[in-house]
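Engineer: Dropping a structure here in structure tokens format, bear with me for questions.
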Amino acid sequence: MVRTAIVGTGFYVPERVVTNEELTRQMDTSDEWIVERSGIRERRWVDEGMSGAEMAHRASVMALAEAGLEPSTVDAIVLATLSPDHFFPGTGVFLQRELGLEGIPALDVRTQCTGFVYGLSVADAWIRSGQYRTILLVGVEIQSTGIDVSTRGRDIAVLFGDGAGAVVLTATEEEDRGILSTHLHADGRYAEVLWAEFASSKHHPRITPELLAEGRHYPTMQGREVFKHAVSRMPEAVEEALTANGLTTADLRLLIPHQANLRITQMVQRRLGLTDDQVVSNIDRYGNTTAATIPIALAESVRAGRLTSGDLLCMVAFGSGFTWGSALVRW
Ligand SMILES: CC(C)(COP(=O)(O)OP(=O)(O)OC[C@H]1O[C@@H](n2cnc3c(N)ncnc32)[C@H](O)[C@@H]1OP(=O)(O)O)[C@@H](O)C(=O)NCCC(=O)NCCS
């Protein structure tokens, strides 16, 4: 039976470190408030000139090197982002161009913080069906250019960061290795709870100077509502993946949850009865990098020696949409 194996991981984060203290100079907030509510101490924000495609490229080069594969072996690109470099075309084609892979398909996935898990599910299905053998899957985000860095937008501005993470996926015939299953969900009744309303193609024009002056192009979030759903949906999705494979939390070597907020991660961990050793957290250094959080955390976990052959890994995400999902992998 053909399965999908993760054979390479990579990540890139911008060099510019933005501390909580730096934010206090731009808005009414404090290091104590941010650390207590979110666990974030610093995040990376891009400098002028850095694009999502370029960050995706750097993460991809690292992942391909770890896999020991030339870019020319990639059959398809799947790229997850809610912050494409341009409204269209998607960032996937710009990454494809950077890699010199003209002709292969490039699919952008737009399911926000769950984008990487959705992308993994699509890539896994393509590989298992035999359509493609090697797929580059990337999560990349530039949040810093799209948030309101003033007191008006402080609830969101302090949480988000920029970065990219990539994995190389290939078909394997090895027994008991690779992606065991993926589980995807969405509930559009909550679409407006965390969203960016403008610019909007359903309005004529898509945005006006008045709307810009009001800051209506910035994302808005009902934080408590997001929190409440995240702490139930993520444990549910982990249990769903384990149950589907006849496994339990005791079998898990590592859980990589979407890095939205340290308090959410801690509550998910408690609800699942996992130890600190079983759960990955890097939000203190990067904040929430949306579709990039899971592949960045995965690449760091690999480099820290937290995964060895045969380990059971679960990745779980929740985000705007609402969307959520999980993936179970035998490393
Ligand atoms: C955003 C979040 C940290 C806010 O924490 P909270 O305990 O719910 O706080 P509230 O929204 O009730 O706000 C409490 C107060 O802090 C203020 N506040 C908001 N952001 C602030 C900031 N950055 N610094 C200081 N004060 C802030 C609010 O204005 C509010 O003030 P008020 O009581 O005078 O109105 C929390 O709701 C959360 O983590 N939600 C999930 C967010 C998330 O993960 N989103 C991404 C999902 S993928």
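Chain labels run A, B, ... following the order of the structure tokens; each chain numbers its residues from 1, and ligands are numbered from 1 in the order shown.
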Please identify all protein, DNA and RNA residues within 7 Å of ligand 1, counting only C-alpha atoms and all ligand atoms, and report them as a ChimeraX atom specification.
Structural biologist: /A:28-30,33-34,37-38,113,154-156,158,223-224,226-227,260-261,290,318-320
Engineer: Mind writing the picked residues with C-alpha atoms as a PDB file, in the first residue's frame?
Structural biologist:
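result12.pdb, written as the output of this step:
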```pdb
ATOM      1  CA  ASP A  28      -1.272  50.888  24.929  1.00  0.00           C
ATOM      2  CA  THR A  29      -0.189  47.422  26.038  1.00  0.00           C
ATOM      3  CA  SER A  30       2.355  45.813  28.350  1.00  0.00           C
ATOM      4  CA  TRP A  33      -0.551  41.594  29.624  1.00  0.00           C
ATOM      5  CA  ILE A  34       0.794  39.921  26.492  1.00  0.00           C
ATOM      6  CA  ARG A  37      -2.794  36.230  28.067  1.00  0.00           C
ATOM      7  CA  SER A  38      -0.834  34.621  25.240  1.00  0.00           C
ATOM      8  CA  CYS A 113      -4.616  28.589  10.636  1.00  0.00           C
ATOM      9  CA  ARG A 154      -3.930  45.753  19.969  1.00  0.00           C
ATOM     10  CA  ASP A 155      -5.964  42.598  20.671  1.00  0.00           C
ATOM     11  CA  ILE A 156      -4.805  41.159  17.318  1.00  0.00           C
ATOM     12  CA  VAL A 158       0.280  41.514  19.701  1.00  0.00           C
ATOM     13  CA  GLY A 223     -11.111  36.653  21.071  1.00  0.00           C
ATOM     14  CA  ARG A 224     -13.146  34.880  23.728  1.00  0.00           C
ATOM     15  CA  VAL A 226     -12.308  31.919  19.267  1.00  0.00           C
ATOM     16  CA  PHE A 227     -10.717  30.729  22.512  1.00  0.00           C
ATOM     17  CA  ALA A 260      -2.421  30.367  18.583  1.00  0.00           C
ATOM     18  CA  ASN A 261      -1.942  31.111  22.229  1.00  0.00           C
ATOM     19  CA  THR A 290      -1.092  31.139  11.097  1.00  0.00           C
ATOM     20  CA  PHE A 318      -7.985  25.526  14.612  1.00  0.00           C
ATOM     21  CA  GLY A 319      -8.637  28.908  13.068  1.00  0.00           C
ATOM     22  CA  SER A 320     -10.701  31.418  11.156  1.00  0.00           C
TER      23      SER A 320
END
```
Engineer: For region 269-271 of chain A, please output as a PyMOL selection string all residues within 9 Å (counting only C-alpha atoms; exclusion window: fewer than 3 positions along the same chain).
Structural biologist: chain A and resi 231-232+235+255+264-266+274-276+278-279
Engineer: List as a ChimeraX atom specification the protein and nucleic acid residues near Val109 (chain A), meaning an atom at most 8 Å away when only C-alpha atoms are counted, but skip any in the same chain fewer than 6 places from it.
Structural biologist: /A:78-81,115,118-119
Engineer: Using DSSP secondary structure from the backbone, list all strand (DSSP E or B) positions within region 166-268 of chain A, as a CSV table (one decimal) with C-alpha atoms, in the first residue's frame.
Structural biologist:
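Everything below was put into states.csv:
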```csv
chain,number,residue,atom,x,y,z
A,166,ALA,CA,7.9,23.6,4.5
A,167,VAL,CA,7.8,19.8,4.2
A,168,VAL,CA,8.7,17.5,1.4
A,169,LEU,CA,6.2,14.6,1.0
A,170,THR,CA,6.9,11.5,-1.0
A,171,ALA,CA,5.2,8.2,-1.7
A,172,THR,CA,6.5,5.3,0.3
A,178,GLY,CA,3.8,8.0,7.0
A,179,ILE,CA,0.5,9.7,7.2
A,180,LEU,CA,-2.0,7.4,8.9
A,181,SER,CA,-5.1,9.7,8.4
A,182,THR,CA,-6.2,13.3,8.2
A,183,HIS,CA,-9.5,14.8,9.6
A,184,LEU,CA,-10.9,18.1,8.3
A,185,HIS,CA,-13.7,20.3,9.5
A,186,ALA,CA,-15.3,23.7,9.0
A,194,LEU,CA,-12.3,36.2,13.0
A,195,TRP,CA,-12.0,37.8,9.6
A,220,THR,CA,-11.2,41.7,13.6
A,221,MET,CA,-11.6,39.0,16.2
A,254,LEU,CA,4.5,14.4,20.0
A,255,LEU,CA,1.5,16.7,19.6
A,256,ILE,CA,2.2,19.8,17.5
A,257,PRO,CA,-0.8,22.0,18.0
```
Engineer: I'd like to know which of A:Phe94, A:Ile104, A:Thr24, A:Val238 is closest to Leu313 (chain A), using only C-alpha atoms.
Structural biologist: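 Closest candidate: A:Val238.
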Engineer: Please provide as a list in words all residues within 8 Å of Leu307 (chain A), with the sequence filter that same-chain residues fewer than 6 positions apart are discarded (counting only C-alpha atoms).
Structural biologist: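 Final neighbour list, sorted by chain and number: Arg253, Leu254, Ser301 and Trp331 of chain A.
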Engineer: Generate a file of the selected residues that holds N, CA, C and O atoms, formatted as a CSV table (one decimal), in the first residue's frame.
Structural biologist:
```csv
chain,number,residue,atom,x,y,z
A,253,ARG,N,3.9,10.3,20.7
A,253,ARG,CA,5.2,10.8,21.1
A,253,ARG,C,5.2,12.3,21.1
A,253,ARG,O,5.7,12.9,22.0
A,254,LEU,N,4.5,12.9,20.1
A,254,LEU,CA,4.5,14.4,20.0
A,254,LEU,C,3.2,14.9,19.5
A,254,LEU,O,2.6,14.4,18.5
A,301,SER,N,11.2,20.8,15.8
A,301,SER,CA,11.2,19.5,16.6
A,301,SER,C,12.1,18.5,16.1
A,301,SER,O,12.8,17.8,16.8
A,331,TRP,N,6.2,8.5,12.2
A,331,TRP,CA,7.4,9.1,11.7
A,331,TRP,C,8.4,8.1,11.2
A,331,TRP,O,8.5,7.0,11.7
```
Engineer: Can you tell me, as a tab-separated table (two decimals) with all heavy atoms, in the first residue's frame, what residues are no more than 12 Å from Phe87 (chain A) when counting only C-alpha atoms, ignoring any on the same chain fewer than 6 positions away?
Structural biologist:
```
chain	number	residue	atom	x	y	z
A	81	THR	N	-1.77	29.81	2.78
A	81	THR	CA	-1.57	31.16	3.30
A	81	THR	C	-2.89	31.92	3.36
A	81	THR	O	-3.78	31.68	2.54
A	81	THR	CB	-0.56	31.96	2.44
A	81	THR	OG1	-0.23	33.18	3.11
A	81	THR	CG2	-1.09	32.28	1.06
A	108	ASP	N	-2.88	27.02	-4.19
A	108	ASP	CA	-2.95	27.77	-2.94
A	108	ASP	C	-4.15	27.29	-2.12
A	108	ASP	O	-5.24	27.11	-2.66
A	108	ASP	CB	-3.10	29.27	-3.22
A	108	ASP	CG	-1.76	29.96	-3.37
A	108	ASP	OD1	-0.86	29.38	-4.00
A	108	ASP	OD2	-1.61	31.09	-2.85
A	110	ARG	N	-6.61	28.10	1.17
A	110	ARG	CA	-6.99	29.27	1.97
A	110	ARG	C	-7.88	28.86	3.12
A	110	ARG	O	-9.09	29.14	3.11
A	110	ARG	CB	-7.70	30.27	1.06
A	110	ARG	CG	-6.79	30.81	-0.02
A	110	ARG	CD	-7.26	32.15	-0.48
A	110	ARG	NE	-7.76	32.94	0.64
A	110	ARG	CZ	-8.48	34.03	0.50
A	110	ARG	NH1	-8.78	34.47	-0.68
A	110	ARG	NH2	-8.90	34.70	1.57
A	199	ALA	N	-10.45	44.54	1.88
A	199	ALA	CA	-11.18	44.80	0.67
A	199	ALA	C	-12.03	43.58	0.31
A	199	ALA	O	-11.60	42.45	0.50
A	199	ALA	CB	-10.20	45.09	-0.47
A	200	SER	N	-13.22	43.86	-0.23
A	200	SER	CA	-14.16	42.78	-0.49
A	200	SER	C	-14.71	42.88	-1.91
A	200	SER	O	-15.25	43.92	-2.29
A	200	SER	CB	-15.31	42.86	0.51
A	200	SER	OG	-16.41	42.13	0.06
A	201	SER	N	-14.59	41.80	-2.67
A	201	SER	CA	-15.04	41.84	-4.06
A	201	SER	C	-16.55	41.87	-4.18
A	201	SER	O	-17.08	42.08	-5.27
A	201	SER	CB	-14.45	40.66	-4.84
A	201	SER	OG	-14.48	39.50	-4.09
```
Engineer: DSSP on the backbone: what in region 1-239 of chain A comes out helix (DSSP H, G or I), as a PyMOL selection string?
Structural biologist: chain A and resi 20-24+31-38+52-67+71-73+91-99+112-129+144-146+151-157+188-193+209-214+223-239
Engineer: Report as a PyMOL selection string all protein, DNA and RNA residues lying within 6 Å of Leu312 (chain A), evaluated on only C-alpha atoms, omitting residues in the same chain fewer than 5 positions from it.
Structural biologist: chain A and resi 252-253+329-330
Engineer: Would you mind reading off the distance between CA of Phe160 (chain A) and CA of Ala67 (chain A), one decimal, in Å?
Structural biologist: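 Computing the Euclidean distance for CA of Phe160 (chain A) and CA of Ala67 (chain A) yields 29.6 Å.
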Engineer: Calculated over only C-alpha atoms, which of the candidates A:Glu141, A:Ala304, A:Val7, A:Val74 has the smallest distance to Gly103 (chain A)?
Structural biologist: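 Of A:Glu141, A:Ala304, A:Val7, A:Val74, the one nearest Gly103 (chain A), counting only C-alpha atoms, is A:Val74.
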Engineer: Can you list, as a VMD selection string, every protein, DNA or RNA residue that comes within 9 Å of Gly188 (chain A) when you count only C-alpha atoms, leaving out same-chain residues fewer than 6 positions away?
Structural biologist: chain A and resid 321 to 323
